[in-house]
$ cat coords.cif   # mmCIF, C-alpha atoms and all ligand atoms
data_structure
#
loop_
_atom_site.label_atom_id
_atom_site.label_comp_id
_atom_site.auth_asym_id
_atom_site.auth_seq_id
_atom_site.Cartn_x
_atom_site.Cartn_y
_atom_site.Cartn_z
CA MET Y 1 55.42 137.03 183.63
CA LYS Y 2 58.95 138.12 182.70
CA ALA Y 3 60.22 136.76 179.35
CA ALA Y 4 63.57 135.00 179.90
CA PRO Y 5 66.51 136.47 177.95
CA PRO Y 6 68.14 134.23 175.30
CA LYS Y 7 70.74 131.76 176.65
CA ALA Y 8 73.71 133.49 174.96
CA VAL Y 9 72.79 136.78 176.65
CA THR Y 10 72.31 135.05 179.99
CA ARG Y 11 75.78 133.48 179.62
CA GLU Y 12 77.28 136.87 178.81
CA LEU Y 13 75.69 138.45 181.87
CA GLN Y 14 76.76 135.54 184.08
CA GLU Y 15 80.34 135.92 182.86
CA ILE Y 16 80.37 139.60 183.83
CA ARG Y 17 78.73 138.84 187.20
CA ALA Y 18 81.38 136.20 187.91
CA SER Y 19 84.19 138.60 187.06
CA ILE Y 20 83.16 141.61 189.17
CA LYS Y 21 80.66 140.57 191.88
CA ALA Y 22 83.33 139.70 194.46
CA GLU Y 23 85.03 143.06 193.97
CA PHE Y 24 81.75 144.90 194.54
CA ASP Y 25 81.05 142.81 197.62
CA SER Y 26 84.20 144.16 199.23
CA GLU Y 27 83.24 147.78 198.44
CA ASN Y 28 81.25 150.03 200.81
CA GLY Y 29 77.65 148.91 201.31
CA SER Y 30 76.10 152.01 199.74
CA HIS Y 31 77.48 150.97 196.35
CA ASP Y 32 77.77 147.20 196.71
CA TRP Y 33 76.59 144.39 194.45
CA GLY Y 34 73.05 144.70 195.80
CA HIS Y 35 72.85 148.15 194.18
CA ILE Y 36 73.91 146.68 190.83
CA GLU Y 37 71.29 143.91 190.95
CA ARG Y 38 68.55 146.37 191.98
CA VAL Y 39 69.47 148.71 189.12
CA LEU Y 40 69.37 145.74 186.73
CA ALA Y 41 65.85 144.84 187.91
CA LEU Y 42 64.65 148.47 187.78
CA CYS Y 43 66.04 148.79 184.24
CA GLU Y 44 63.88 145.88 183.13
CA THR Y 45 60.80 147.35 184.83
CA ILE Y 46 61.32 150.66 182.98
CA ARG Y 47 62.35 149.02 179.68
CA ARG Y 48 59.10 147.05 179.52
CA ARG Y 49 57.23 150.38 179.28
CA GLU Y 50 59.77 152.54 177.46
CA GLY Y 51 61.45 150.05 175.12
CA GLY Y 52 65.16 149.86 174.30
CA ASP Y 53 67.60 147.07 173.55
CA ARG Y 54 67.48 144.68 176.49
CA ARG Y 55 71.00 143.33 175.99
CA VAL Y 56 72.58 146.81 175.84
CA ILE Y 57 70.66 147.88 178.93
CA GLU Y 58 71.58 144.77 180.92
CA LEU Y 59 75.27 144.96 180.04
CA ALA Y 60 75.28 148.66 180.93
CA ALA Y 61 73.45 148.05 184.23
CA LEU Y 62 75.93 145.39 185.35
CA LEU Y 63 78.94 147.51 184.42
CA HIS Y 64 77.66 151.02 185.18
CA ASP Y 65 79.56 151.49 188.46
CA VAL Y 66 82.78 149.56 187.71
CA GLY Y 67 84.53 152.94 187.78
CA ARG Y 68 84.05 152.88 191.57
CA LEU Y 69 86.12 149.72 192.06
CA ALA Y 70 89.54 150.29 193.66
CA ARG Y 71 91.30 148.34 190.90
CA VAL Y 72 89.71 150.48 188.19
CA LYS Y 73 90.45 153.72 190.08
CA GLN Y 74 94.11 152.69 190.10
CA ALA Y 75 94.23 151.66 186.45
CA VAL Y 76 92.16 154.42 184.82
CA ARG Y 77 93.29 157.84 185.94
CA LEU Y 78 90.35 159.90 184.70
CA GLY Y 79 88.04 162.13 186.70
CA GLY Y 80 84.66 160.69 187.70
CA HIS Y 81 83.51 157.11 188.09
CA ALA Y 82 81.24 157.28 185.01
CA ARG Y 83 84.19 158.16 182.78
CA ARG Y 84 86.45 155.52 184.34
CA GLY Y 85 83.64 152.97 184.14
CA ALA Y 86 83.14 153.64 180.44
CA VAL Y 87 86.82 152.95 179.77
CA GLU Y 88 86.79 149.75 181.84
CA ALA Y 89 83.49 148.54 180.29
CA ARG Y 90 84.94 149.00 176.81
CA ARG Y 91 87.93 146.86 177.84
CA VAL Y 92 85.78 144.13 179.43
CA LEU Y 93 83.32 143.90 176.53
CA ALA Y 94 86.09 143.92 173.88
CA SER Y 95 87.80 141.05 175.74
CA MET Y 96 84.48 139.14 175.50
CA ARG Y 97 84.37 139.84 171.74
CA VAL Y 98 81.15 141.83 171.96
CA GLU Y 99 80.51 143.67 168.67
CA ALA Y 100 81.63 147.31 168.35
CA GLY Y 101 78.13 148.80 167.95
CA THR Y 102 76.93 147.20 171.18
CA ILE Y 103 80.07 148.30 173.02
CA ASP Y 104 79.55 151.92 171.88
CA ALA Y 105 75.91 151.81 172.97
CA VAL Y 106 76.80 150.40 176.41
CA VAL Y 107 79.64 152.88 176.88
CA HIS Y 108 77.30 155.80 176.16
CA CYS Y 109 74.85 154.53 178.80
CA ILE Y 110 77.64 154.35 181.38
CA GLU Y 111 79.13 157.77 180.54
CA ALA Y 112 75.69 159.38 180.78
CA HIS Y 113 74.43 157.70 184.00
CA SER Y 114 75.91 160.27 186.36
CA TYR Y 115 74.82 163.88 186.19
CA ARG Y 116 78.06 165.02 187.73
CA HIS Y 117 79.87 164.02 184.55
CA GLY Y 118 77.64 166.24 182.38
CA VAL Y 119 76.97 163.76 179.54
CA VAL Y 120 73.30 163.85 178.51
CA PRO Y 121 71.67 160.42 177.88
CA LEU Y 122 70.90 160.48 174.16
CA THR Y 123 69.47 156.99 173.64
CA VAL Y 124 66.49 155.23 175.18
CA GLU Y 125 68.90 152.69 176.71
CA ALA Y 126 70.90 155.47 178.40
CA ARG Y 127 67.72 157.11 179.68
CA VAL Y 128 66.50 153.80 181.13
CA LEU Y 129 69.79 153.20 182.99
CA PHE Y 130 69.91 156.79 184.28
CA ASP Y 131 66.40 156.56 185.71
CA ALA Y 132 66.93 153.08 187.21
CA ASP Y 133 70.13 154.20 188.94
CA LYS Y 134 68.45 157.30 190.36
CA LEU Y 135 65.41 155.35 191.57
CA ASP Y 136 67.70 153.28 193.79
CA SER Y 137 68.80 156.55 195.46
CA ILE Y 138 65.31 157.53 196.61
CA GLY Y 139 62.37 155.93 198.42
CA ALA Y 140 62.94 153.51 201.29
CA MET Y 141 66.08 152.13 199.68
CA GLY Y 142 67.38 155.66 199.14
CA VAL Y 143 66.87 156.49 202.82
CA GLY Y 144 68.73 153.32 203.83
CA ARG Y 145 71.60 154.00 201.46
CA ALA Y 146 71.85 157.65 202.54
CA PHE Y 147 72.32 156.67 206.20
CA LEU Y 148 74.75 153.94 205.23
CA PHE Y 149 76.80 156.42 203.19
CA ALA Y 150 76.80 158.94 206.04
CA GLY Y 151 78.16 156.18 208.30
CA GLU Y 152 80.83 155.29 205.76
CA ILE Y 153 82.22 158.84 205.79
CA GLY Y 154 81.92 159.27 209.57
CA ALA Y 155 78.94 161.64 209.61
CA LYS Y 156 76.27 161.80 212.32
CA ALA Y 157 72.74 160.39 212.38
CA HIS Y 158 71.41 163.96 212.29
CA ASN Y 159 72.68 167.48 212.88
CA GLU Y 160 71.89 169.29 216.11
CA ALA Y 161 68.91 171.62 216.33
CA GLY Y 162 69.75 175.07 214.97
CA VAL Y 163 72.22 173.85 212.32
CA ASN Y 164 71.24 175.17 208.90
CA VAL Y 165 71.88 172.13 206.77
CA LEU Y 166 72.28 174.27 203.65
CA GLU Y 167 75.36 175.87 205.23
CA THR Y 168 77.08 172.58 206.09
CA SER Y 169 79.79 170.98 203.97
CA ALA Y 170 79.94 167.68 202.13
CA MET Y 171 82.02 164.61 203.02
CA GLY Y 172 82.45 165.47 206.72
CA ARG Y 173 80.78 165.07 210.14
CA GLU Y 174 77.76 167.10 209.05
CA ASP Y 175 77.17 165.27 205.77
CA THR Y 176 74.13 163.48 207.13
CA ALA Y 177 71.42 161.58 205.28
CA TYR Y 178 69.17 164.61 205.79
CA ARG Y 179 71.78 166.87 204.16
CA GLU Y 180 71.90 164.49 201.18
CA TYR Y 181 68.11 164.65 201.02
CA MET Y 182 68.04 168.46 201.11
CA PHE Y 183 70.79 168.93 198.53
CA LYS Y 184 70.17 166.07 196.16
CA LEU Y 185 67.59 163.38 196.85
CA ARG Y 186 64.50 165.62 196.98
CA HIS Y 187 65.29 166.96 193.48
CA ILE Y 188 65.76 163.60 191.80
CA LYS Y 189 62.10 163.10 190.85
CA ASP Y 190 62.36 166.22 188.63
CA ARG Y 191 65.44 164.96 186.82
CA MET Y 192 64.15 161.70 185.43
CA HIS Y 193 64.28 161.09 181.68
CA THR Y 194 61.47 158.60 181.05
CA LYS Y 195 57.75 158.68 181.74
CA GLU Y 196 57.89 155.39 183.66
CA GLY Y 197 60.91 156.60 185.62
CA ARG Y 198 59.01 159.76 186.60
CA ARG Y 199 56.00 157.73 187.68
CA LEU Y 200 58.06 155.42 189.87
CA ALA Y 201 60.08 158.34 191.23
CA ARG Y 202 56.96 160.19 192.39
CA ALA Y 203 55.88 157.29 194.59
CA ARG Y 204 59.36 156.80 196.04
CA HIS Y 205 59.74 160.55 196.59
CA ASN Y 206 56.49 160.78 198.55
CA PHE Y 207 57.56 158.00 200.91
CA MET Y 208 61.02 159.53 201.38
CA LYS Y 209 59.60 163.01 202.05
CA LYS Y 210 57.30 161.60 204.71
CA PHE Y 211 60.27 159.91 206.39
CA PHE Y 212 62.48 163.02 206.46
CA ASP Y 213 59.59 165.30 207.55
CA GLU Y 214 59.06 162.96 210.50
CA LEU Y 215 62.80 162.85 211.24
CA VAL Y 216 62.96 166.64 211.48
CA LEU Y 217 59.98 166.74 213.87
CA GLU Y 218 61.48 164.08 216.11
CA ALA Y 219 64.89 165.79 216.08
CA ALA Y 220 63.18 169.02 217.16
CA GLY Y 221 61.87 167.27 220.27
CA ARG Y 222 58.44 166.06 219.27
CA ALA Y 223 57.62 162.96 221.30
FE FE Y 301 77.18 155.54 189.35
FE FE Y 302 74.88 153.25 190.43
#

$ encode --input "coords.cif" --output "structure tokens" --more "lines below"
Ligand SMILES: [Fe+2]
Ligand SMILES: [Fe+2]
Amino acid sequence: MKAAPPKAVTRELQEIRASIKAEFDSENGSHDWGHIERVLALCETIRRREGGDRRVIELAALLHDVGRLARVKQAVRLGGHARRGAVEARRVLASMRVEAGTIDAVVHCIEAHSYRHGVVPLTVEARVLFDADKLDSIGAMGVGRAFLFAGEIGAKAHNEAGVNVLETSAMGREDTAYREYMFKLRHIKDRMHTKEGRRLARARHNFMKKFFDELVLEAAGRA
């Protein structure tokens, strides 16, 4: 059975939830509040095996994608949502009078959660968040989010037969869920940072691979 976090920590997390949940709910479905709550739960699953400071991890999980919010994009003019999110998280946590050491630890987790930004996760807390966030991109949930994202940018369900997906471009009509799988999702299991993350990623990867293998066969005309 899960041990309940201390009341003060619960209050802190509730305060953050109350301040940003509505904003996430009005964002695109592929990065909505459901993603944040799933990452929070996956963090705890991984932390129970790998260790790490639960409070730092939970604060980082709740705040890790704030850099995607329209308000934050406007206010923090830095490249990349991980960078913007780190700046906004520092502001939010300082306003809640969280101690400096915890803020620094949370900010590192957020800066290092996206591999596009090029910051390597140096702490166990950062490695836990990285793996939890990536796990939500693969498996059944990953497939669902990939199709949702393709819909959000106006892509198709699948490219026509004969299209070499590796020659298609991102963020357009041909940026399908399958393209995302070929370019990114199928490599995620090899980029995890924790043993538990790798174990969970293998299972999710196998399911996802089965799905996309089947999709390709059906698209090629198999009844
Ligand atoms: Fe992110
Ligand atoms: Fe995320």

$ atom_distance --input "coords.cif" --atom1 "CA of Arg204 in chain Y" --atom2 "CA of Ser114 in chain Y"
19.5 Å

$ residues_around --input "coords.cif" --residues "His108 in chain Y" --least-positions-apart "6" --cutoff "12 Å" --atoms "all atoms listed in the file" --output "PDB file with C-alpha atoms, keeping the file's coordinate frame"
ATOM      1  CA  VAL Y  56      72.580 146.810 175.840  1.00  0.00           C
ATOM      2  CA  ILE Y  57      70.660 147.880 178.930  1.00  0.00           C
ATOM      3  CA  LEU Y  59      75.270 144.960 180.040  1.00  0.00           C
ATOM      4  CA  ALA Y  60      75.280 148.660 180.930  1.00  0.00           C
ATOM      5  CA  ALA Y  61      73.450 148.050 184.230  1.00  0.00           C
ATOM      6  CA  LEU Y  63      78.940 147.510 184.420  1.00  0.00           C
ATOM      7  CA  HIS Y  64      77.660 151.020 185.180  1.00  0.00           C
ATOM      8  CA  ALA Y  82      81.240 157.280 185.010  1.00  0.00           C
ATOM      9  CA  ARG Y  83      84.190 158.160 182.780  1.00  0.00           C
ATOM     10  CA  GLY Y  85      83.640 152.970 184.140  1.00  0.00           C
ATOM     11  CA  ALA Y  86      83.140 153.640 180.440  1.00  0.00           C
ATOM     12  CA  VAL Y  87      86.820 152.950 179.770  1.00  0.00           C
ATOM     13  CA  ALA Y  89      83.490 148.540 180.290  1.00  0.00           C
ATOM     14  CA  ARG Y  90      84.940 149.000 176.810  1.00  0.00           C
ATOM     15  CA  GLY Y 101      78.130 148.800 167.950  1.00  0.00           C
ATOM     16  CA  THR Y 102      76.930 147.200 171.180  1.00  0.00           C
ATOM     17  CA  SER Y 114      75.910 160.270 186.360  1.00  0.00           C
ATOM     18  CA  VAL Y 119      76.970 163.760 179.540  1.00  0.00           C
ATOM     19  CA  VAL Y 120      73.300 163.850 178.510  1.00  0.00           C
ATOM     20  CA  PRO Y 121      71.670 160.420 177.880  1.00  0.00           C
ATOM     21  CA  LEU Y 122      70.900 160.480 174.160  1.00  0.00           C
ATOM     22  CA  THR Y 123      69.470 156.990 173.640  1.00  0.00           C
ATOM     23  CA  VAL Y 124      66.490 155.230 175.180  1.00  0.00           C
ATOM     24  CA  GLU Y 125      68.900 152.690 176.710  1.00  0.00           C
ATOM     25  CA  ALA Y 126      70.900 155.470 178.400  1.00  0.00           C
ATOM     26  CA  ARG Y 127      67.720 157.110 179.680  1.00  0.00           C
ATOM     27  CA  LEU Y 129      69.790 153.200 182.990  1.00  0.00           C
ATOM     28  CA  PHE Y 130      69.910 156.790 184.280  1.00  0.00           C
TER      29      PHE Y 130
END

$ closest_atom_pairs --input "coords.cif" --of "chain Y" --to "ligand FE 302 (chain Y)" --cutoff "7 Å" --atoms "all atoms listed in the file" --output "Markdown table"
| residue | atom | partner | partner_atom | distance |
| --- | --- | --- | --- | --- |
| Y:His31 | CA | Y:FE302 | FE | 6.9 |
| Y:His35 | CA | Y:FE302 | FE | 6.6 |
| Y:Ile36 | CA | Y:FE302 | FE | 6.7 |
| Y:His64 | CA | Y:FE302 | FE | 6.3 |
| Y:Asp65 | CA | Y:FE302 | FE | 5.4 |
| Y:Asp133 | CA | Y:FE302 | FE | 5.1 |

$ write_last_selection --input "coords.cif" --atoms "C-alpha atoms" --output "compact mmCIF listing (two decimals), in the frame of the given file"
# COMPACT_ATOMS: atom_id res chain seq x y z
CA HIS Y 31 77.48 150.97 196.35
CA HIS Y 35 72.85 148.15 194.18
CA ILE Y 36 73.91 146.68 190.83
CA HIS Y 64 77.66 151.02 185.18
CA ASP Y 65 79.56 151.49 188.46
CA ASP Y 133 70.13 154.20 188.94

$ closest_residue --input "coords.cif" --among "Y:Asn206, Y:Gly29, Y:Pro6, Y:Val39" --to "Arg145 in chain Y" --atoms "all atoms listed in the file"
Y:Gly29

$ closest_residue --input "coords.cif" --among "Y:Ala219, Y:Leu42, Y:Ala112, Y:Ala170" --to "Ile153 in chain Y" --atoms "all atoms listed in the file"
Y:Ala170

$ atom_distance --input "coords.cif" --atom1 "CA of Glu99 in chain Y" --atom2 "CA of Ala8 in chain Y"
13.8 Å

$ closest_residue --input "coords.cif" --among "Y:Val98, Y:Val143, Y:Ala157, Y:Val66" --to "ligand FE 301 (chain Y)" --atoms "all atoms listed in the file"
Y:Val66

$ build_atoms --input "coords.cif" --residues "range 87-113 of chain Y" --atoms "N, CA and C atoms" --output "CSV table (one decimal), in the frame of the given file"
chain,number,residue,atom,x,y,z
Y,87,VAL,N,85.6,153.5,180.3
Y,87,VAL,CA,86.8,153.0,179.8
Y,87,VAL,C,87.0,151.5,180.1
Y,88,GLU,N,86.7,151.1,181.4
Y,88,GLU,CA,86.8,149.8,181.8
Y,88,GLU,C,85.8,148.8,181.1
Y,89,ALA,N,84.5,149.3,181.0
Y,89,ALA,CA,83.5,148.5,180.3
Y,89,ALA,C,83.9,148.2,178.9
Y,90,ARG,N,84.5,149.2,178.2
Y,90,ARG,CA,84.9,149.0,176.8
Y,90,ARG,C,86.0,147.9,176.8
Y,91,ARG,N,86.9,147.9,177.8
Y,91,ARG,CA,87.9,146.9,177.8
Y,91,ARG,C,87.3,145.5,178.1
Y,92,VAL,N,86.4,145.4,179.1
Y,92,VAL,CA,85.8,144.1,179.4
Y,92,VAL,C,85.0,143.6,178.3
Y,93,LEU,N,84.2,144.4,177.6
Y,93,LEU,CA,83.3,143.9,176.5
Y,93,LEU,C,84.1,143.5,175.3
Y,94,ALA,N,85.2,144.3,175.0
Y,94,ALA,CA,86.1,143.9,173.9
Y,94,ALA,C,86.8,142.6,174.2
Y,95,SER,N,87.1,142.3,175.4
Y,95,SER,CA,87.8,141.0,175.7
Y,95,SER,C,86.8,139.9,175.6
Y,96,MET,N,85.5,140.2,175.7
Y,96,MET,CA,84.5,139.1,175.5
Y,96,MET,C,84.0,139.1,174.0
Y,97,ARG,N,84.7,139.8,173.2
Y,97,ARG,CA,84.4,139.8,171.7
Y,97,ARG,C,82.9,140.3,171.4
Y,98,VAL,N,82.5,141.2,172.2
Y,98,VAL,CA,81.2,141.8,172.0
Y,98,VAL,C,81.3,142.8,170.8
Y,99,GLU,N,80.4,142.9,169.9
Y,99,GLU,CA,80.5,143.7,168.7
Y,99,GLU,C,80.6,145.2,169.0
Y,100,ALA,N,81.3,145.9,168.1
Y,100,ALA,CA,81.6,147.3,168.4
Y,100,ALA,C,80.4,148.2,168.6
Y,101,GLY,N,79.3,148.0,167.8
Y,101,GLY,CA,78.1,148.8,168.0
Y,101,GLY,C,77.5,148.7,169.3
Y,102,THR,N,77.5,147.4,169.8
Y,102,THR,CA,76.9,147.2,171.2
Y,102,THR,C,77.8,147.8,172.2
Y,103,ILE,N,79.1,147.7,172.0
Y,103,ILE,CA,80.1,148.3,173.0
Y,103,ILE,C,79.8,149.8,173.1
Y,104,ASP,N,79.8,150.5,171.9
Y,104,ASP,CA,79.6,151.9,171.9
Y,104,ASP,C,78.2,152.3,172.6
Y,105,ALA,N,77.2,151.5,172.4
Y,105,ALA,CA,75.9,151.8,173.0
Y,105,ALA,C,76.0,151.7,174.5
Y,106,VAL,N,76.7,150.6,175.0
Y,106,VAL,CA,76.8,150.4,176.4
Y,106,VAL,C,77.6,151.5,177.0
Y,107,VAL,N,78.7,151.8,176.4
Y,107,VAL,CA,79.6,152.9,176.9
Y,107,VAL,C,78.9,154.2,177.0
Y,108,HIS,N,78.1,154.5,176.0
Y,108,HIS,CA,77.3,155.8,176.2
Y,108,HIS,C,76.4,155.8,177.4
Y,109,CYS,N,75.7,154.6,177.6
Y,109,CYS,CA,74.8,154.5,178.8
Y,109,CYS,C,75.7,154.8,180.1
Y,110,ILE,N,76.8,154.2,180.2
Y,110,ILE,CA,77.6,154.4,181.4
Y,110,ILE,C,78.2,155.8,181.6
Y,111,GLU,N,78.6,156.4,180.5
Y,111,GLU,CA,79.1,157.8,180.5
Y,111,GLU,C,78.0,158.7,181.0
Y,112,ALA,N,76.8,158.4,180.5
Y,112,ALA,CA,75.7,159.4,180.8
Y,112,ALA,C,74.9,159.1,182.0
Y,113,HIS,N,75.3,158.1,182.9
Y,113,HIS,CA,74.4,157.7,184.0
Y,113,HIS,C,74.6,158.6,185.2
